[in-house]
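J.: Starting off with a structure, shown below.
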Amino acid sequence: MLQKKTIIRSSIPKRTDQLGNSYTSLSSELPGNPPLWIAHVRGKYHDDIYVNNARILVSQSNIQGSNTALTQVLHKIDEVLIPTISPKSASNRIYNPTAWEFLEKYESLIQHPHRIRNFRQKIDEHNKQDIFNTEGGHTFFIPVDEGFLNGRASLIDGKIIDGHVIPKQVLFTTPTRKDIPYQTLANDDNDIRVIIFFTQEQRGVHHY
């Protein structure tokens, strides 16, 4: 069996009990210093700790080593972390894109058959670029073009775009609490309010 390993270097070595609360971040030493986001999920016997979407295997972590110049702490995680960066062939490489840079450069950043041109064009049309360039930690939901067949893309307005952004929280699918509401930017008036729930389904299980 082929095993993959991810080695992510942080500027400050920390044990698991020093990683801080949920939604705190550590600066990595990858080009562009993309942050590593920490989340704690309460369990029956102990809390699980996540780095982005990967769970730290605590029993195989906190391994400390040092040499004359550097102290290191090694943690093992259950998922490979893949940074979002431009390919080496790009003339102007992006290492830690904003949400808007991700939208603009999606085809070169993500090698995937899906396209997101409809949503990107509507953001331009409604002058919503600033939302996706806002500094700080936020969560963005980017729908692919396949979701807008039969002319449905024409229905996207500014309020729908706002409803695809959870402000001031960085959420990853695995550690995020399920079945509780998360407010979106479309929540500032009495006309339309959009909230988002995360749910978890078991594939291959059918209920009758």
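Naming scheme: A, B, ... for chains in displayed order of the structure tokens; residues 1 onward per chain; ligands 1 onward as shown.
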Would you kindly return, as a VMD selection string, each protein, DNA or RNA residue with an atom no farther than 8 Å from any atom of Val165 (chain A), considering only C-alpha atoms and excluding same-chain residues fewer than 5 positions away?
T.: chain A and resid 138 to 141 184 to 185
J.: Show me, as number ranges by chain, the residues that have an atom within 12 Å of region 116-129 of chain A when counting only C-alpha atoms, minus same-chain residues fewer than 3 positions from it.
T.: A: 98-107, 110, 112-113, 132-134, 141-149, 151-162, 164-165, 185
J.: For region 149-171 of chain A against region 13-23 of chain A, with a cut-off of 12 Å and counting only C-alpha atoms, what is the closest atom pair and its distance in Å to one decimal for every residue that makes the cut, ordered by chain and number, as CSV?
T.:
residue,atom,partner,partner_atom,distance
A:Lys168,CA,A:Tyr23,CA,9.4
A:Gln169,CA,A:Tyr23,CA,7.0
A:Val170,CA,A:Tyr23,CA,6.4
A:Leu171,CA,A:Tyr23,CA,8.2
J.: Could you check how far CA of Ala54 (chain A) sits from CA of Pro35 (chain A), in Å to one decimal?
T.: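 Going from CA of Ala54 (chain A) over to CA of Pro35 (chain A), I get 13.9 Å.
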J.: Using DSSP on the backbone coordinates, identify all residues within region 5-178 of chain A classified as helix (DSSP H, G or I); present the result as number ranges by chain.
T.: A: 16-18, 58-60, 99-104, 106-109, 117-125, 129-132, 145-148, 152-155, 158-162
J.: For the selection you just gave me, I'd like the residues written to a file as a CSV table (one decimal), in the first residue's frame, keeping N, CA and C atoms.
T.:
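See part.csv below for the written result:
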chain,number,residue,atom,x,y,z
A,16,THR,N,0.3,19.7,20.9
A,16,THR,CA,-1.1,19.7,20.7
A,16,THR,C,-1.8,20.6,21.7
A,17,ASP,N,-1.3,20.6,23.0
A,17,ASP,CA,-1.9,21.4,24.0
A,17,ASP,C,-1.5,22.8,23.9
A,18,GLN,N,-0.8,23.2,22.9
A,18,GLN,CA,-0.4,24.6,22.7
A,18,GLN,C,-1.0,25.2,21.4
A,58,VAL,N,-3.3,12.1,17.7
A,58,VAL,CA,-2.6,12.6,18.9
A,58,VAL,C,-1.7,11.5,19.4
A,59,SER,N,-2.1,10.3,19.4
A,59,SER,CA,-1.3,9.2,20.0
A,59,SER,C,0.0,9.0,19.2
A,60,GLN,N,0.1,9.6,18.0
A,60,GLN,CA,1.3,9.4,17.2
A,60,GLN,C,1.9,10.8,16.9
A,99,ALA,N,-9.9,35.0,-2.0
A,99,ALA,CA,-11.0,34.4,-2.6
A,99,ALA,C,-11.2,34.9,-4.0
A,100,TRP,N,-11.0,36.2,-4.2
A,100,TRP,CA,-11.1,36.7,-5.6
A,100,TRP,C,-10.0,36.2,-6.5
A,101,GLU,N,-8.8,36.2,-6.0
A,101,GLU,CA,-7.7,35.6,-6.9
A,101,GLU,C,-8.0,34.2,-7.2
A,102,PHE,N,-8.6,33.4,-6.3
A,102,PHE,CA,-8.9,32.0,-6.5
A,102,PHE,C,-10.0,32.0,-7.7
A,103,LEU,N,-11.0,32.9,-7.6
A,103,LEU,CA,-12.0,32.9,-8.7
A,103,LEU,C,-11.4,33.3,-10.0
A,104,GLU,N,-10.5,34.3,-10.0
A,104,GLU,CA,-9.9,34.7,-11.3
A,104,GLU,C,-9.0,33.7,-11.9
A,106,TYR,N,-8.9,30.3,-11.2
A,106,TYR,CA,-9.3,29.0,-10.8
A,106,TYR,C,-8.8,27.9,-11.8
A,107,GLU,N,-8.9,28.2,-13.1
A,107,GLU,CA,-8.6,27.2,-14.1
A,107,GLU,C,-7.1,26.8,-14.0
A,108,SER,N,-6.2,27.7,-13.5
A,108,SER,CA,-4.8,27.3,-13.4
A,108,SER,C,-4.5,26.8,-12.0
A,109,LEU,N,-5.3,27.2,-11.0
A,109,LEU,CA,-5.0,26.8,-9.6
A,109,LEU,C,-5.5,25.4,-9.4
A,117,ARG,N,-17.3,29.9,-14.1
A,117,ARG,CA,-17.4,31.2,-14.9
A,117,ARG,C,-18.7,31.9,-14.6
A,118,ASN,N,-19.8,31.2,-14.5
A,118,ASN,CA,-21.1,31.9,-14.3
A,118,ASN,C,-21.1,32.7,-13.0
A,119,PHE,N,-20.7,32.1,-11.9
A,119,PHE,CA,-20.7,32.8,-10.6
A,119,PHE,C,-19.7,34.0,-10.7
A,120,ARG,N,-18.5,33.7,-11.2
A,120,ARG,CA,-17.5,34.8,-11.3
A,120,ARG,C,-18.0,36.0,-12.1
A,121,GLN,N,-18.7,35.7,-13.2
A,121,GLN,CA,-19.3,36.8,-14.1
A,121,GLN,C,-20.3,37.6,-13.3
A,122,LYS,N,-21.1,36.9,-12.5
A,122,LYS,CA,-22.2,37.6,-11.8
A,122,LYS,C,-21.6,38.5,-10.6
A,123,ILE,N,-20.5,38.0,-10.0
A,123,ILE,CA,-19.8,38.8,-9.0
A,123,ILE,C,-19.3,40.1,-9.7
A,124,ASP,N,-18.8,40.0,-10.9
A,124,ASP,CA,-18.4,41.2,-11.6
A,124,ASP,C,-19.6,42.1,-11.9
A,125,GLU,N,-20.6,41.5,-12.4
A,125,GLU,CA,-21.8,42.3,-12.8
A,125,GLU,C,-22.4,43.0,-11.7
A,129,GLN,N,-16.8,42.3,-5.9
A,129,GLN,CA,-15.4,41.8,-5.8
A,129,GLN,C,-14.8,42.1,-4.4
A,130,ASP,N,-15.2,43.2,-3.8
A,130,ASP,CA,-14.6,43.6,-2.5
A,130,ASP,C,-14.9,42.5,-1.5
A,131,ILE,N,-16.0,41.9,-1.5
A,131,ILE,CA,-16.4,40.9,-0.5
A,131,ILE,C,-15.3,39.7,-0.6
A,132,PHE,N,-14.9,39.4,-1.8
A,132,PHE,CA,-14.0,38.3,-1.9
A,132,PHE,C,-12.5,38.7,-1.8
A,145,ASP,N,-20.5,25.6,-12.6
A,145,ASP,CA,-21.4,26.0,-13.7
A,145,ASP,C,-22.5,24.9,-13.9
A,146,GLU,N,-22.2,23.7,-13.6
A,146,GLU,CA,-23.2,22.6,-13.8
A,146,GLU,C,-24.4,22.9,-13.0
A,147,GLY,N,-24.3,23.7,-11.9
A,147,GLY,CA,-25.5,24.0,-11.1
A,147,GLY,C,-26.4,25.1,-11.7
A,148,PHE,N,-26.0,25.6,-12.8
A,148,PHE,CA,-26.8,26.7,-13.4
A,148,PHE,C,-27.2,26.4,-14.9
A,152,ARG,N,-30.4,29.2,-15.5
A,152,ARG,CA,-30.5,29.5,-14.1
A,152,ARG,C,-29.5,30.6,-13.6
A,153,ALA,N,-28.4,30.7,-14.3
A,153,ALA,CA,-27.4,31.7,-14.0
A,153,ALA,C,-28.0,33.1,-14.0
A,154,SER,N,-29.0,33.4,-14.8
A,154,SER,CA,-29.6,34.7,-14.8
A,154,SER,C,-30.3,35.1,-13.5
A,155,LEU,N,-30.5,34.1,-12.7
A,155,LEU,CA,-31.2,34.4,-11.4
A,155,LEU,C,-30.3,34.9,-10.3
A,158,GLY,N,-27.2,40.1,-6.3
A,158,GLY,CA,-26.3,40.4,-5.2
A,158,GLY,C,-26.6,39.7,-3.9
A,159,LYS,N,-27.9,39.5,-3.6
A,159,LYS,CA,-28.3,38.8,-2.4
A,159,LYS,C,-27.9,37.3,-2.4
A,160,ILE,N,-28.0,36.7,-3.6
A,160,ILE,CA,-27.6,35.3,-3.7
A,160,ILE,C,-26.1,35.2,-3.5
A,161,ILE,N,-25.4,36.1,-4.1
A,161,ILE,CA,-23.9,36.1,-3.9
A,161,ILE,C,-23.6,36.2,-2.4
A,162,ASP,N,-24.2,37.2,-1.7
A,162,ASP,CA,-24.0,37.4,-0.3
A,162,ASP,C,-24.3,36.1,0.5
J.: Counting only C-alpha atoms, what is within 7 Å of Pro181 (chain A), bar same-chain residues fewer than 6 positions away, as a ChimeraX atom specification?
T.: /A:195-197
J.: Given the choices A:Thr199, A:Asn187, A:Gln72, A:Ser61, which gets closest to Pro175 (chain A) if the distance is worked out from only C-alpha atoms?
T.: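 Checking each of A:Thr199, A:Asn187, A:Gln72, A:Ser61 against Pro175 (chain A), counting only C-alpha atoms, the winner is A:Thr199.
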J.: In Å to one decimal, how far is CA of Thr173 (chain A) from CA of Leu30 (chain A)?
T.: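 Computed distance, CA of Leu30 (chain A) to CA of Thr173 (chain A), equals 23.1 Å.
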J.: Rounded to one decimal place, report the CA of His46 (chain A)-CA of Tyr182 (chain A) distance in Å.
T.: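 Taking CA of His46 (chain A) as the start and CA of Tyr182 (chain A) as the end point, the length is 25.1 Å.
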J.: Residues near Arg55 (chain A), anyone? I mean within 10 Å using only C-alpha atoms, not counting same-chain ones fewer than 6 positions away, as an mmCIF file with C-alpha atoms, in the first residue's frame.
T.:
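Writing the result to out_10.cif gives the following:
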data_model
loop_
_atom_site.group_PDB
_atom_site.id
_atom_site.type_symbol
_atom_site.label_atom_id
_atom_site.label_comp_id
_atom_site.auth_asym_id
_atom_site.auth_seq_id
_atom_site.Cartn_x
_atom_site.Cartn_y
_atom_site.Cartn_z
ATOM 1 C CA ILE A 38 -6.929 24.912 14.049
ATOM 2 C CA ALA A 39 -10.288 23.446 15.102
ATOM 3 C CA HIS A 40 -11.243 21.492 18.237
ATOM 4 C CA VAL A 41 -14.146 19.032 18.085
ATOM 5 C CA ASP A 48 -10.207 15.868 18.315
ATOM 6 C CA ILE A 49 -7.881 18.510 16.930
ATOM 7 C CA LYS A 76 0.824 13.054 12.231
ATOM 8 C CA ILE A 77 -2.447 13.816 10.428
ATOM 9 C CA ASP A 78 -4.964 11.600 8.634
ATOM 10 C CA GLU A 79 -5.249 13.582 5.406
ATOM 11 C CA THR A 174 -14.994 17.546 8.422
ATOM 12 C CA PRO A 175 -14.517 19.402 11.745
#
J.: Based on the backbone DSSP call, show me all residues of region 30-191 of chain A assigned strand (DSSP E), as a count of residues only.
T.: 27
J.: Using only C-alpha atoms, which of A:Ile166, A:Gly136, A:Arg177, A:Val80 sits nearest Ser25 (chain A)?
T.: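 Looking at the shortest contact to Ser25 (chain A), the residue is A:Gly136.
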